[in-house]
Amino acid sequence: MNKRTPLRLLLALAGAACLGLAQGALAQEWPARQAIKLVAVFPPGGSVDQVSRLLAPHLQQELGQNIIVENKGGASGSIGAAAVAAAPADGYTFAVVFDTHGVNPSLIPNLPFDSKKDLSTVIVIGTSPMVLATHAGSEFKSFADVVASGKAAKGASYGSIGSGSLGHLAMALLGRNGGMSFNHIPYKGGGPLMNDAVAGHVPLAIGSVFVVKPHIDSQRMRALAVTTSKRAPQLPSVPTIAESGFAGFDAPAWWAVLAPAKTPPAIVQRMNDAINKVMKNPEVAKRLESQGIDVLGGTPQVGQAFIERQMDIWAKVVKDNNIKPD
């Protein structure tokens with residue numbers, strides 16, 4: 001610096017240095033100060049809740065700090081995500097989100113946060129096929145029956161985990177491209193959806209393998225098709241929508257952990273390392289695999305790129321198909 005260096009620049013540099021020191025000190029003491037909160041952005045019973053509660057005790061052991069799971073559902077996960085975006089960026093509040101996080105920016109007007117700027121990705125946990133299923137006593141015996149019903153005058157009704165969910169968009173896209181009419185019945189998460197689906201109160205339900213498979217295993221529900229381009233290893237006899245007359249159809253579910261955007265990178269990296277390690281635990285890996293989740297893991301940067309790509313893909317689908325939230 002010389003005598004002519006503007007005072008404003010000096011002050012800015014000093015402020016940046018102080019901020020860097022403060023963040024460094026915060027990262028060094030983390031997570032000793034207090035319990036860490038995982039905000040599951042859907043109600044109890046669904047896959048986001050189950051993934052959160054599967055990770056929590058192992059993360060607690062790995063980090064040496066209490067992990068609290070708090071359910072904050074509503075508006076396709078955007079209420080919980082907004083709460084985390086507004087939380088202190090100190091490494092003690094994280095969101096566990098579902099694929100709806102990649103849809104909400106293009107579907108829900110006036111979100112109270114910027115999905116790309118106000119939240120940063122810690123890790124993408126994994127992906128999974130979604131399953132279109134029906135209750136055991138249903139008239140739908142195959143996906144062909146769904147297509148026939150969708151093309152009939154009255155159409156077919158199905159439930160999803162909520163308006164704007166990936167299941168909602170996938171069915172809307174399928175209906176529009178296939179000349180079918182589907183009546184969407186939104187639920188507030190996987191738990192409420194499965195309760196009604198098993199009871200036969202909703203004719204069809206679309207949800208992740210994670211949330212649907214236990215009810216298929218108990219023979220209370222029947223799987224009709226999966227939404228990924230390849231069959232699910234956990235449901236090898238269930239055809240894909242792509243192989244059932246809709247070539248190229250591919251809509252995977254996914255789960256991720258996010259932090260407030262200004263969380264120190266060192267803390268984000270430590271949390272990323274901890275979750276990657278937990279997901280390699282044989283017990284956790286087996287549980288995730290048994291529920292249809294293909295573990296991704298990797299760095300925060302890889303996760304951020306994945307989520308932004310999902311946002312771009314589904315924004316185009318929303319626009320091209322003029323999809324509106326219920």
# chains A, B, ... in the order shown; residues from 1 in each chain; ligands from 1

$ select_by_dssp --residues "range 60-269 of chain A" --states "helix (DSSP H, G or I)" --output "JSON, numbers by chain"
{"A": [60, 61, 62, 63, 75, 76, 77, 78, 79, 80, 81, 82, 83, 84, 85, 99, 100, 101, 102, 104, 105, 106, 107, 143, 144, 145, 146, 147, 148, 149, 150, 151, 166, 167, 168, 169, 170, 171, 172, 173, 174, 175, 176, 177, 178, 190, 191, 192, 193, 194, 195, 196, 197, 198, 199, 209, 210, 211, 212, 213, 214, 215, 216, 217, 242, 243, 244, 265, 266, 267, 268, 269]}

$ closest_atom_pairs --of "range 239-302 of chain A" --to "range 89-110 of chain A" --cutoff "8 Å" --atoms "only C-alpha atoms" --output "Markdown table"
| residue | atom | partner | partner_atom | distance |
| --- | --- | --- | --- | --- |
| A:Ala253 | CA | A:Asp99 | CA | 5.6 |
| A:Trp254 | CA | A:Asp99 | CA | 5.1 |
| A:Trp255 | CA | A:Phe98 | CA | 4.6 |
| A:Ala256 | CA | A:Val97 | CA | 5.4 |
| A:Val257 | CA | A:Val96 | CA | 4.6 |
| A:Leu258 | CA | A:Ala95 | CA | 5.0 |
| A:Ala259 | CA | A:Phe94 | CA | 4.8 |
| A:Pro260 | CA | A:Ala89 | CA | 5.3 |
| A:Ala261 | CA | A:Ala89 | CA | 7.1 |
| A:Lys262 | CA | A:Ala89 | CA | 5.5 |
| A:Thr263 | CA | A:Ala89 | CA | 4.3 |
| A:Pro264 | CA | A:Asp90 | CA | 7.3 |
| A:Ile267 | CA | A:Gly91 | CA | 6.2 |
| A:Val268 | CA | A:Gly91 | CA | 7.4 |

$ write_last_selection --atoms "N, CA and C atoms" --output "CSV table (one decimal), in the first residue's frame"
chain,number,residue,atom,x,y,z
A,253,ALA,N,-35.5,-39.4,-8.4
A,253,ALA,CA,-35.6,-38.6,-7.2
A,253,ALA,C,-34.2,-38.4,-6.6
A,254,TRP,N,-34.0,-37.4,-5.8
A,254,TRP,CA,-32.7,-37.3,-5.1
A,254,TRP,C,-32.8,-36.5,-3.8
A,255,TRP,N,-31.8,-36.7,-3.0
A,255,TRP,CA,-31.7,-36.1,-1.6
A,255,TRP,C,-30.4,-35.4,-1.5
A,256,ALA,N,-30.4,-34.3,-0.7
A,256,ALA,CA,-29.2,-33.5,-0.5
A,256,ALA,C,-29.2,-32.8,0.8
A,257,VAL,N,-28.0,-32.4,1.3
A,257,VAL,CA,-27.9,-31.6,2.5
A,257,VAL,C,-27.3,-30.3,2.1
A,258,LEU,N,-28.0,-29.2,2.6
A,258,LEU,CA,-27.6,-27.8,2.2
A,258,LEU,C,-27.3,-27.0,3.5
A,259,ALA,N,-26.6,-25.9,3.3
A,259,ALA,CA,-26.3,-25.0,4.4
A,259,ALA,C,-26.6,-23.6,4.0
A,260,PRO,N,-26.8,-22.7,4.9
A,260,PRO,CA,-26.9,-21.3,4.5
A,260,PRO,C,-25.7,-20.9,3.7
A,261,ALA,N,-25.9,-20.0,2.7
A,261,ALA,CA,-24.9,-19.7,1.7
A,261,ALA,C,-23.6,-19.2,2.3
A,262,LYS,N,-23.6,-18.4,3.4
A,262,LYS,CA,-22.4,-17.8,3.9
A,262,LYS,C,-21.7,-18.7,5.0
A,263,THR,N,-22.1,-19.9,5.1
A,263,THR,CA,-21.4,-20.8,6.0
A,263,THR,C,-20.0,-21.0,5.6
A,264,PRO,N,-19.0,-20.8,6.6
A,264,PRO,CA,-17.6,-20.9,6.2
A,264,PRO,C,-17.3,-22.2,5.4
A,267,ILE,N,-16.2,-25.3,7.3
A,267,ILE,CA,-17.3,-26.0,8.0
A,267,ILE,C,-18.1,-26.9,7.0
A,268,VAL,N,-18.4,-26.3,5.8
A,268,VAL,CA,-19.1,-27.1,4.8
A,268,VAL,C,-18.3,-28.3,4.4

$ select_by_dssp --residues "range 17-149 of chain A" --states "strand (DSSP E)" --output "ChimeraX atom specification"
/A:36-40,67-71,93-98,119-128,130-135

$ write_last_selection --atoms "N, CA and C atoms" --output "mmCIF file, in the first residue's frame"
data_model
loop_
_atom_site.group_PDB
_atom_site.id
_atom_site.type_symbol
_atom_site.label_atom_id
_atom_site.label_comp_id
_atom_site.auth_asym_id
_atom_site.auth_seq_id
_atom_site.Cartn_x
_atom_site.Cartn_y
_atom_site.Cartn_z
ATOM 1 N N ILE A 36 -26.175 -29.594 16.568
ATOM 2 C CA ILE A 36 -26.386 -29.319 15.147
ATOM 3 C C ILE A 36 -27.808 -29.720 14.777
ATOM 4 N N LYS A 37 -28.483 -28.857 14.040
ATOM 5 C CA LYS A 37 -29.862 -29.123 13.642
ATOM 6 C C LYS A 37 -29.921 -29.516 12.169
ATOM 7 N N LEU A 38 -30.557 -30.673 11.904
ATOM 8 C CA LEU A 38 -30.883 -31.067 10.539
ATOM 9 C C LEU A 38 -32.363 -30.775 10.334
ATOM 10 N N VAL A 39 -32.679 -29.840 9.468
ATOM 11 C CA VAL A 39 -34.065 -29.495 9.187
ATOM 12 C C VAL A 39 -34.548 -30.366 8.027
ATOM 13 N N ALA A 40 -35.399 -31.341 8.340
ATOM 14 C CA ALA A 40 -36.018 -32.176 7.311
ATOM 15 C C ALA A 40 -37.190 -31.388 6.750
ATOM 16 N N ILE A 67 -26.975 -34.298 17.344
ATOM 17 C CA ILE A 67 -27.633 -33.959 16.086
ATOM 18 C C ILE A 67 -29.142 -34.041 16.323
ATOM 19 N N ILE A 68 -29.831 -32.944 16.076
ATOM 20 C CA ILE A 68 -31.272 -32.871 16.282
ATOM 21 C C ILE A 68 -31.961 -32.796 14.921
ATOM 22 N N VAL A 69 -32.940 -33.678 14.689
ATOM 23 C CA VAL A 69 -33.733 -33.619 13.457
ATOM 24 C C VAL A 69 -35.022 -32.863 13.755
ATOM 25 N N GLU A 70 -35.262 -31.814 12.977
ATOM 26 C CA GLU A 70 -36.481 -31.014 13.134
ATOM 27 C C GLU A 70 -37.249 -31.030 11.815
ATOM 28 N N ASN A 71 -38.500 -31.468 11.859
ATOM 29 C CA ASN A 71 -39.330 -31.473 10.655
ATOM 30 C C ASN A 71 -39.979 -30.107 10.462
ATOM 31 N N THR A 93 -26.963 -25.234 11.520
ATOM 32 C CA THR A 93 -28.270 -25.484 10.899
ATOM 33 C C THR A 93 -28.064 -25.913 9.449
ATOM 34 N N PHE A 94 -28.622 -27.082 9.115
ATOM 35 C CA PHE A 94 -28.537 -27.604 7.751
ATOM 36 C C PHE A 94 -29.926 -28.061 7.320
ATOM 37 N N ALA A 95 -30.148 -28.077 6.018
ATOM 38 C CA ALA A 95 -31.408 -28.589 5.469
ATOM 39 C C ALA A 95 -31.155 -29.929 4.801
ATOM 40 N N VAL A 96 -32.089 -30.854 5.004
ATOM 41 C CA VAL A 96 -32.099 -32.087 4.223
ATOM 42 C C VAL A 96 -33.272 -31.951 3.260
ATOM 43 N N VAL A 97 -32.953 -31.869 1.961
ATOM 44 C CA VAL A 97 -33.971 -31.567 0.953
ATOM 45 C C VAL A 97 -34.171 -32.744 0.006
ATOM 46 N N PHE A 98 -35.269 -32.662 -0.722
ATOM 47 C CA PHE A 98 -35.643 -33.672 -1.703
ATOM 48 C C PHE A 98 -35.557 -33.021 -3.086
ATOM 49 N N LEU A 119 -28.459 -20.591 -0.514
ATOM 50 C CA LEU A 119 -28.141 -21.901 0.053
ATOM 51 C C LEU A 119 -26.973 -22.488 -0.723
ATOM 52 N N SER A 120 -26.113 -23.196 -0.027
ATOM 53 C CA SER A 120 -24.999 -23.865 -0.705
ATOM 54 C C SER A 120 -25.071 -25.359 -0.425
ATOM 55 N N THR A 121 -24.615 -26.137 -1.372
ATOM 56 C CA THR A 121 -24.703 -27.591 -1.258
ATOM 57 C C THR A 121 -23.562 -28.129 -0.402
ATOM 58 N N VAL A 122 -23.921 -28.950 0.565
ATOM 59 C CA VAL A 122 -22.924 -29.688 1.340
ATOM 60 C C VAL A 122 -22.611 -31.002 0.622
ATOM 61 N N ILE A 123 -23.685 -31.711 0.224
ATOM 62 C CA ILE A 123 -23.501 -33.007 -0.424
ATOM 63 C C ILE A 123 -24.826 -33.464 -1.034
ATOM 64 N N VAL A 124 -24.748 -34.155 -2.163
ATOM 65 C CA VAL A 124 -25.900 -34.883 -2.688
ATOM 66 C C VAL A 124 -25.780 -36.306 -2.175
ATOM 67 N N ILE A 125 -26.768 -36.727 -1.408
ATOM 68 C CA ILE A 125 -26.709 -38.046 -0.778
ATOM 69 C C ILE A 125 -26.850 -39.156 -1.806
ATOM 70 N N GLY A 126 -27.843 -39.054 -2.674
ATOM 71 C CA GLY A 126 -28.031 -40.088 -3.675
ATOM 72 C C GLY A 126 -29.272 -39.856 -4.509
ATOM 73 N N THR A 127 -29.493 -40.759 -5.441
ATOM 74 C CA THR A 127 -30.656 -40.698 -6.327
ATOM 75 C C THR A 127 -31.435 -42.004 -6.232
ATOM 76 N N SER A 128 -32.659 -41.983 -6.752
ATOM 77 C CA SER A 128 -33.502 -43.173 -6.707
ATOM 78 C C SER A 128 -34.585 -43.077 -7.764
ATOM 79 N N MET A 130 -38.398 -43.190 -8.927
ATOM 80 C CA MET A 130 -39.714 -43.076 -8.319
ATOM 81 C C MET A 130 -40.558 -44.238 -8.831
ATOM 82 N N VAL A 131 -41.535 -44.613 -8.034
ATOM 83 C CA VAL A 131 -42.394 -45.742 -8.372
ATOM 84 C C VAL A 131 -43.827 -45.257 -8.493
ATOM 85 N N LEU A 132 -44.476 -45.626 -9.594
ATOM 86 C CA LEU A 132 -45.915 -45.418 -9.725
ATOM 87 C C LEU A 132 -46.570 -46.700 -9.238
ATOM 88 N N ALA A 133 -47.378 -46.583 -8.190
ATOM 89 C CA ALA A 133 -47.928 -47.773 -7.543
ATOM 90 C C ALA A 133 -49.411 -47.592 -7.249
ATOM 91 N N THR A 134 -50.051 -48.681 -6.886
ATOM 92 C CA THR A 134 -51.474 -48.678 -6.563
ATOM 93 C C THR A 134 -51.724 -49.639 -5.414
ATOM 94 N N HIS A 135 -52.864 -49.508 -4.742
ATOM 95 C CA HIS A 135 -53.146 -50.375 -3.604
ATOM 96 C C HIS A 135 -53.491 -51.777 -4.082
#

$ atom_distance --atom1 "CA of Phe306 in chain A" --atom2 "CA of Asn276 in chain A"
16.4 Å

$ closest_residue --among "A:Ile275, A:Val147, A:Val318, A:Val295" --to "Met180 in chain A" --atoms "only C-alpha atoms"
A:Val147

$ residues_around --residues "Pro112 in chain A" --least-positions-apart "2" --cutoff "12 Å" --atoms "only C-alpha atoms" --output "PyMOL selection string"
chain A and resi 75+78-86+104-105+108-110+114-115+117-118

$ residues_around --residues "Pro57 in chain A" --least-positions-apart "4" --cutoff "9 Å" --atoms "only C-alpha atoms" --output "MDAnalysis selection string"
chainID A and resid 53 61:62 66:67

$ atom_distance --atom1 "CA of Ala56 in chain A" --atom2 "CA of Pro129 in chain A"
23.8 Å

$ residues_around --residues "range 226-241 of chain A" --least-positions-apart "4" --cutoff "10 Å" --atoms "only C-alpha atoms" --output "JSON, numbers by chain"
{"A": [128, 129, 130, 131, 132, 133, 142, 143, 167, 170, 171, 174, 206, 207, 208, 209, 213, 216, 217, 222, 245, 246, 247, 248, 249, 250, 251, 252, 253, 289, 290, 291, 292, 293, 294]}

$ write_last_selection --atoms "N, CA and C atoms" --output "tab-separated table (two decimals), in the first residue's frame"
chain	number	residue	atom	x	y	z
A	128	SER	N	-32.66	-41.98	-6.75
A	128	SER	CA	-33.50	-43.17	-6.71
A	128	SER	C	-34.59	-43.08	-7.76
A	129	PRO	N	-35.01	-44.22	-8.30
A	129	PRO	CA	-36.20	-44.18	-9.13
A	129	PRO	C	-37.41	-43.79	-8.29
A	130	MET	N	-38.40	-43.19	-8.93
A	130	MET	CA	-39.71	-43.08	-8.32
A	130	MET	C	-40.56	-44.24	-8.83
A	131	VAL	N	-41.54	-44.61	-8.03
A	131	VAL	CA	-42.39	-45.74	-8.37
A	131	VAL	C	-43.83	-45.26	-8.49
A	132	LEU	N	-44.48	-45.63	-9.59
A	132	LEU	CA	-45.91	-45.42	-9.73
A	132	LEU	C	-46.57	-46.70	-9.24
A	133	ALA	N	-47.38	-46.58	-8.19
A	133	ALA	CA	-47.93	-47.77	-7.54
A	133	ALA	C	-49.41	-47.59	-7.25
A	142	SER	N	-51.50	-53.16	-14.34
A	142	SER	CA	-50.27	-52.89	-15.07
A	142	SER	C	-50.22	-51.42	-15.46
A	143	PHE	N	-49.06	-50.99	-15.95
A	143	PHE	CA	-48.93	-49.60	-16.40
A	143	PHE	C	-49.82	-49.35	-17.61
A	167	GLY	N	-42.55	-35.91	-8.61
A	167	GLY	CA	-43.59	-36.85	-9.02
A	167	GLY	C	-44.72	-36.14	-9.74
A	170	ALA	N	-43.36	-35.12	-13.15
A	170	ALA	CA	-43.17	-36.28	-14.01
A	170	ALA	C	-44.50	-36.76	-14.59
A	171	MET	N	-45.53	-36.78	-13.76
A	171	MET	CA	-46.85	-37.23	-14.24
A	171	MET	C	-47.47	-36.20	-15.18
A	174	LEU	N	-45.66	-36.67	-18.42
A	174	LEU	CA	-46.12	-37.91	-19.05
A	174	LEU	C	-47.50	-37.72	-19.68
A	206	ILE	N	-47.37	-41.81	-6.62
A	206	ILE	CA	-46.00	-41.79	-7.13
A	206	ILE	C	-45.08	-41.28	-6.04
A	207	GLY	N	-44.05	-42.06	-5.74
A	207	GLY	CA	-43.10	-41.69	-4.70
A	207	GLY	C	-41.80	-42.44	-4.90
A	208	SER	N	-40.79	-42.09	-4.15
A	208	SER	CA	-39.49	-42.74	-4.28
A	208	SER	C	-39.57	-44.20	-3.86
A	209	VAL	N	-38.62	-45.00	-4.34
A	209	VAL	CA	-38.51	-46.40	-3.89
A	209	VAL	C	-38.42	-46.43	-2.37
A	213	LYS	N	-41.41	-48.78	-1.36
A	213	LYS	CA	-41.03	-50.19	-1.35
A	213	LYS	C	-41.49	-50.98	-0.12
A	216	ILE	N	-44.82	-52.21	-0.83
A	216	ILE	CA	-44.82	-53.23	-1.88
A	216	ILE	C	-44.38	-54.57	-1.28
A	217	ASP	N	-43.35	-54.52	-0.43
A	217	ASP	CA	-42.86	-55.74	0.21
A	217	ASP	C	-43.93	-56.39	1.08
A	222	ARG	N	-49.03	-52.40	-5.07
A	222	ARG	CA	-48.50	-53.06	-6.25
A	222	ARG	C	-47.79	-52.02	-7.12
A	245	GLY	N	-43.36	-47.66	-23.70
A	245	GLY	CA	-43.94	-46.84	-24.77
A	245	GLY	C	-43.58	-45.37	-24.72
A	246	PHE	N	-42.73	-44.97	-23.77
A	246	PHE	CA	-42.37	-43.55	-23.63
A	246	PHE	C	-40.86	-43.42	-23.59
A	247	ALA	N	-40.23	-43.71	-24.72
A	247	ALA	CA	-38.78	-43.74	-24.83
A	247	ALA	C	-38.14	-42.44	-24.35
A	248	GLY	N	-37.06	-42.58	-23.61
A	248	GLY	CA	-36.32	-41.42	-23.13
A	248	GLY	C	-36.81	-40.84	-21.83
A	249	PHE	N	-37.91	-41.35	-21.30
A	249	PHE	CA	-38.46	-40.81	-20.05
A	249	PHE	C	-37.51	-41.15	-18.89
A	250	ASP	N	-37.11	-40.14	-18.13
A	250	ASP	CA	-36.17	-40.35	-17.02
A	250	ASP	C	-36.37	-39.25	-15.99
A	251	ALA	N	-36.78	-39.61	-14.79
A	251	ALA	CA	-37.03	-38.63	-13.73
A	251	ALA	C	-36.63	-39.24	-12.38
A	252	PRO	N	-35.36	-39.15	-12.00
A	252	PRO	CA	-34.92	-39.72	-10.71
A	252	PRO	C	-35.23	-38.79	-9.54
A	253	ALA	N	-35.54	-39.39	-8.42
A	253	ALA	CA	-35.61	-38.64	-7.16
A	253	ALA	C	-34.20	-38.45	-6.62
A	289	GLU	N	-29.25	-48.58	0.38
A	289	GLU	CA	-29.40	-49.44	-0.80
A	289	GLU	C	-30.70	-50.22	-0.75
A	290	SER	N	-31.05	-50.73	0.42
A	290	SER	CA	-32.27	-51.53	0.55
A	290	SER	C	-33.52	-50.70	0.26
A	291	GLN	N	-33.41	-49.40	0.44
A	291	GLN	CA	-34.55	-48.52	0.20
A	291	GLN	C	-34.49	-47.87	-1.18
A	292	GLY	N	-33.57	-48.34	-2.02
A	292	GLY	CA	-33.56	-47.88	-3.40
A	292	GLY	C	-32.72	-46.66	-3.69
A	293	ILE	N	-31.90	-46.22	-2.74
A	293	ILE	CA	-31.08	-45.04	-2.96
A	293	ILE	C	-29.69	-45.44	-3.44
A	294	ASP	N	-29.32	-44.92	-4.61
A	294	ASP	CA	-27.97	-45.10	-5.13
A	294	ASP	C	-27.12	-43.95	-4.60

$ residues_around --residues "range 182-184 of chain A" --least-positions-apart "4" --cutoff "9 Å" --atoms "only C-alpha atoms" --output "list of chain:residue names"
A:Ser149, A:Gly150, A:Lys151, A:Lys154, A:Gly155, A:Ala156, A:Ser157, A:Tyr158, A:Gly159, A:Ser160, A:Ser163, A:His168, A:Met171, A:Ala172, A:Gly175, A:Asp326

$ atom_distance --atom1 "CA of Pro300 in chain A" --atom2 "CA of Gly46 in chain A"
24.7 Å

$ residues_around --residues "Leu193 in chain A" --least-positions-apart "4" --cutoff "8 Å" --atoms "only C-alpha atoms" --output "MDAnalysis selection string"
chainID A and resid 159:161 187:189 197 205

$ closest_residue --among "A:Gln50, A:Asn177, A:Ser244, A:Gln269" --to "Val317 in chain A" --atoms "only C-alpha atoms"
A:Asn177

$ closest_residue --among "A:Ala87, A:Met271, A:Met221, A:Ile307" --to "Ala199 in chain A" --atoms "only C-alpha atoms"
A:Met221

$ decode --residues "range 171-201 of chain A" --atoms "N, CA and C atoms" --output "PDB file, in the first residue's frame"
ATOM      1  N   MET A 171     -45.535 -36.784 -13.763  1.00  0.00           N
ATOM      2  CA  MET A 171     -46.845 -37.230 -14.241  1.00  0.00           C
ATOM      3  C   MET A 171     -47.471 -36.199 -15.179  1.00  0.00           C
ATOM      4  N   ALA A 172     -47.245 -34.922 -14.891  1.00  0.00           N
ATOM      5  CA  ALA A 172     -47.760 -33.884 -15.783  1.00  0.00           C
ATOM      6  C   ALA A 172     -47.078 -33.964 -17.152  1.00  0.00           C
ATOM      7  N   LEU A 173     -45.773 -34.186 -17.134  1.00  0.00           N
ATOM      8  CA  LEU A 173     -45.025 -34.330 -18.376  1.00  0.00           C
ATOM      9  C   LEU A 173     -45.485 -35.568 -19.142  1.00  0.00           C
ATOM     10  N   LEU A 174     -45.663 -36.673 -18.425  1.00  0.00           N
ATOM     11  CA  LEU A 174     -46.123 -37.912 -19.051  1.00  0.00           C
ATOM     12  C   LEU A 174     -47.501 -37.720 -19.677  1.00  0.00           C
ATOM     13  N   GLY A 175     -48.397 -37.075 -18.936  1.00  0.00           N
ATOM     14  CA  GLY A 175     -49.747 -36.862 -19.441  1.00  0.00           C
ATOM     15  C   GLY A 175     -49.776 -35.976 -20.669  1.00  0.00           C
ATOM     16  N   ARG A 176     -49.025 -34.880 -20.614  1.00  0.00           N
ATOM     17  CA  ARG A 176     -49.036 -33.937 -21.737  1.00  0.00           C
ATOM     18  C   ARG A 176     -48.427 -34.569 -22.986  1.00  0.00           C
ATOM     19  N   ASN A 177     -47.289 -35.240 -22.820  1.00  0.00           N
ATOM     20  CA  ASN A 177     -46.610 -35.824 -23.976  1.00  0.00           C
ATOM     21  C   ASN A 177     -47.317 -37.064 -24.504  1.00  0.00           C
ATOM     22  N   GLY A 178     -48.089 -37.742 -23.624  1.00  0.00           N
ATOM     23  CA  GLY A 178     -48.757 -38.975 -24.035  1.00  0.00           C
ATOM     24  C   GLY A 178     -50.232 -38.814 -24.334  1.00  0.00           C
ATOM     25  N   GLY A 179     -50.718 -37.571 -24.282  1.00  0.00           N
ATOM     26  CA  GLY A 179     -52.126 -37.345 -24.555  1.00  0.00           C
ATOM     27  C   GLY A 179     -53.047 -37.943 -23.518  1.00  0.00           C
ATOM     28  N   MET A 180     -52.621 -37.891 -22.245  1.00  0.00           N
ATOM     29  CA  MET A 180     -53.406 -38.470 -21.158  1.00  0.00           C
ATOM     30  C   MET A 180     -53.818 -37.386 -20.168  1.00  0.00           C
ATOM     31  N   SER A 181     -54.890 -37.656 -19.448  1.00  0.00           N
ATOM     32  CA  SER A 181     -55.381 -36.719 -18.442  1.00  0.00           C
ATOM     33  C   SER A 181     -55.232 -37.342 -17.058  1.00  0.00           C
ATOM     34  N   PHE A 182     -54.470 -36.665 -16.179  1.00  0.00           N
ATOM     35  CA  PHE A 182     -54.279 -37.141 -14.814  1.00  0.00           C
ATOM     36  C   PHE A 182     -54.727 -36.057 -13.834  1.00  0.00           C
ATOM     37  N   ASN A 183     -55.465 -36.449 -12.815  1.00  0.00           N
ATOM     38  CA  ASN A 183     -55.904 -35.539 -11.769  1.00  0.00           C
ATOM     39  C   ASN A 183     -54.954 -35.648 -10.592  1.00  0.00           C
ATOM     40  N   HIS A 184     -54.249 -34.565 -10.299  1.00  0.00           N
ATOM     41  CA  HIS A 184     -53.240 -34.575  -9.246  1.00  0.00           C
ATOM     42  C   HIS A 184     -53.848 -34.303  -7.875  1.00  0.00           C
ATOM     43  N   ILE A 185     -53.528 -35.155  -6.903  1.00  0.00           N
ATOM     44  CA  ILE A 185     -53.963 -34.969  -5.513  1.00  0.00           C
ATOM     45  C   ILE A 185     -52.706 -34.790  -4.665  1.00  0.00           C
ATOM     46  N   PRO A 186     -52.397 -33.546  -4.256  1.00  0.00           N
ATOM     47  CA  PRO A 186     -51.164 -33.314  -3.491  1.00  0.00           C
ATOM     48  C   PRO A 186     -51.317 -33.674  -2.021  1.00  0.00           C
ATOM     49  N   TYR A 187     -50.261 -34.267  -1.457  1.00  0.00           N
ATOM     50  CA  TYR A 187     -50.201 -34.569  -0.021  1.00  0.00           C
ATOM     51  C   TYR A 187     -49.042 -33.803   0.593  1.00  0.00           C
ATOM     52  N   LYS A 188     -49.022 -33.719   1.895  1.00  0.00           N
ATOM     53  CA  LYS A 188     -47.952 -33.003   2.588  1.00  0.00           C
ATOM     54  C   LYS A 188     -46.874 -33.977   3.038  1.00  0.00           C
ATOM     55  N   GLY A 189     -46.267 -34.662   2.051  1.00  0.00           N
ATOM     56  CA  GLY A 189     -45.176 -35.570   2.360  1.00  0.00           C
ATOM     57  C   GLY A 189     -45.503 -37.021   2.080  1.00  0.00           C
ATOM     58  N   GLY A 190     -44.448 -37.864   2.134  1.00  0.00           N
ATOM     59  CA  GLY A 190     -44.589 -39.271   1.815  1.00  0.00           C
ATOM     60  C   GLY A 190     -45.416 -40.060   2.808  1.00  0.00           C
ATOM     61  N   GLY A 191     -45.322 -39.708   4.094  1.00  0.00           N
ATOM     62  CA  GLY A 191     -46.090 -40.419   5.112  1.00  0.00           C
ATOM     63  C   GLY A 191     -47.590 -40.323   4.884  1.00  0.00           C
ATOM     64  N   PRO A 192     -48.146 -39.103   4.804  1.00  0.00           N
ATOM     65  CA  PRO A 192     -49.581 -38.966   4.532  1.00  0.00           C
ATOM     66  C   PRO A 192     -50.002 -39.600   3.207  1.00  0.00           C
ATOM     67  N   LEU A 193     -49.157 -39.475   2.185  1.00  0.00           N
ATOM     68  CA  LEU A 193     -49.478 -40.073   0.884  1.00  0.00           C
ATOM     69  C   LEU A 193     -49.609 -41.585   1.002  1.00  0.00           C
ATOM     70  N   MET A 194     -48.647 -42.224   1.656  1.00  0.00           N
ATOM     71  CA  MET A 194     -48.679 -43.689   1.769  1.00  0.00           C
ATOM     72  C   MET A 194     -49.852 -44.166   2.625  1.00  0.00           C
ATOM     73  N   ASN A 195     -50.194 -43.404   3.649  1.00  0.00           N
ATOM     74  CA  ASN A 195     -51.349 -43.787   4.477  1.00  0.00           C
ATOM     75  C   ASN A 195     -52.615 -43.896   3.630  1.00  0.00           C
ATOM     76  N   ASP A 196     -52.843 -42.906   2.771  1.00  0.00           N
ATOM     77  CA  ASP A 196     -54.039 -42.919   1.929  1.00  0.00           C
ATOM     78  C   ASP A 196     -53.927 -43.925   0.790  1.00  0.00           C
ATOM     79  N   ALA A 197     -52.711 -44.093   0.260  1.00  0.00           N
ATOM     80  CA  ALA A 197     -52.522 -45.025  -0.853  1.00  0.00           C
ATOM     81  C   ALA A 197     -52.769 -46.458  -0.416  1.00  0.00           C
ATOM     82  N   VAL A 198     -52.226 -46.831   0.729  1.00  0.00           N
ATOM     83  CA  VAL A 198     -52.408 -48.189   1.249  1.00  0.00           C
ATOM     84  C   VAL A 198     -53.885 -48.457   1.533  1.00  0.00           C
ATOM     85  N   ALA A 199     -54.586 -47.443   2.019  1.00  0.00           N
ATOM     86  CA  ALA A 199     -56.002 -47.594   2.345  1.00  0.00           C
ATOM     87  C   ALA A 199     -56.902 -47.544   1.120  1.00  0.00           C
ATOM     88  N   GLY A 200     -56.332 -47.224  -0.040  1.00  0.00           N
ATOM     89  CA  GLY A 200     -57.129 -47.158  -1.259  1.00  0.00           C
ATOM     90  C   GLY A 200     -57.894 -45.866  -1.436  1.00  0.00           C
ATOM     91  N   HIS A 201     -57.549 -44.836  -0.645  1.00  0.00           N
ATOM     92  CA  HIS A 201     -58.250 -43.558  -0.759  1.00  0.00           C
ATOM     93  C   HIS A 201     -57.809 -42.755  -1.981  1.00  0.00           C
TER      94      HIS A 201
END
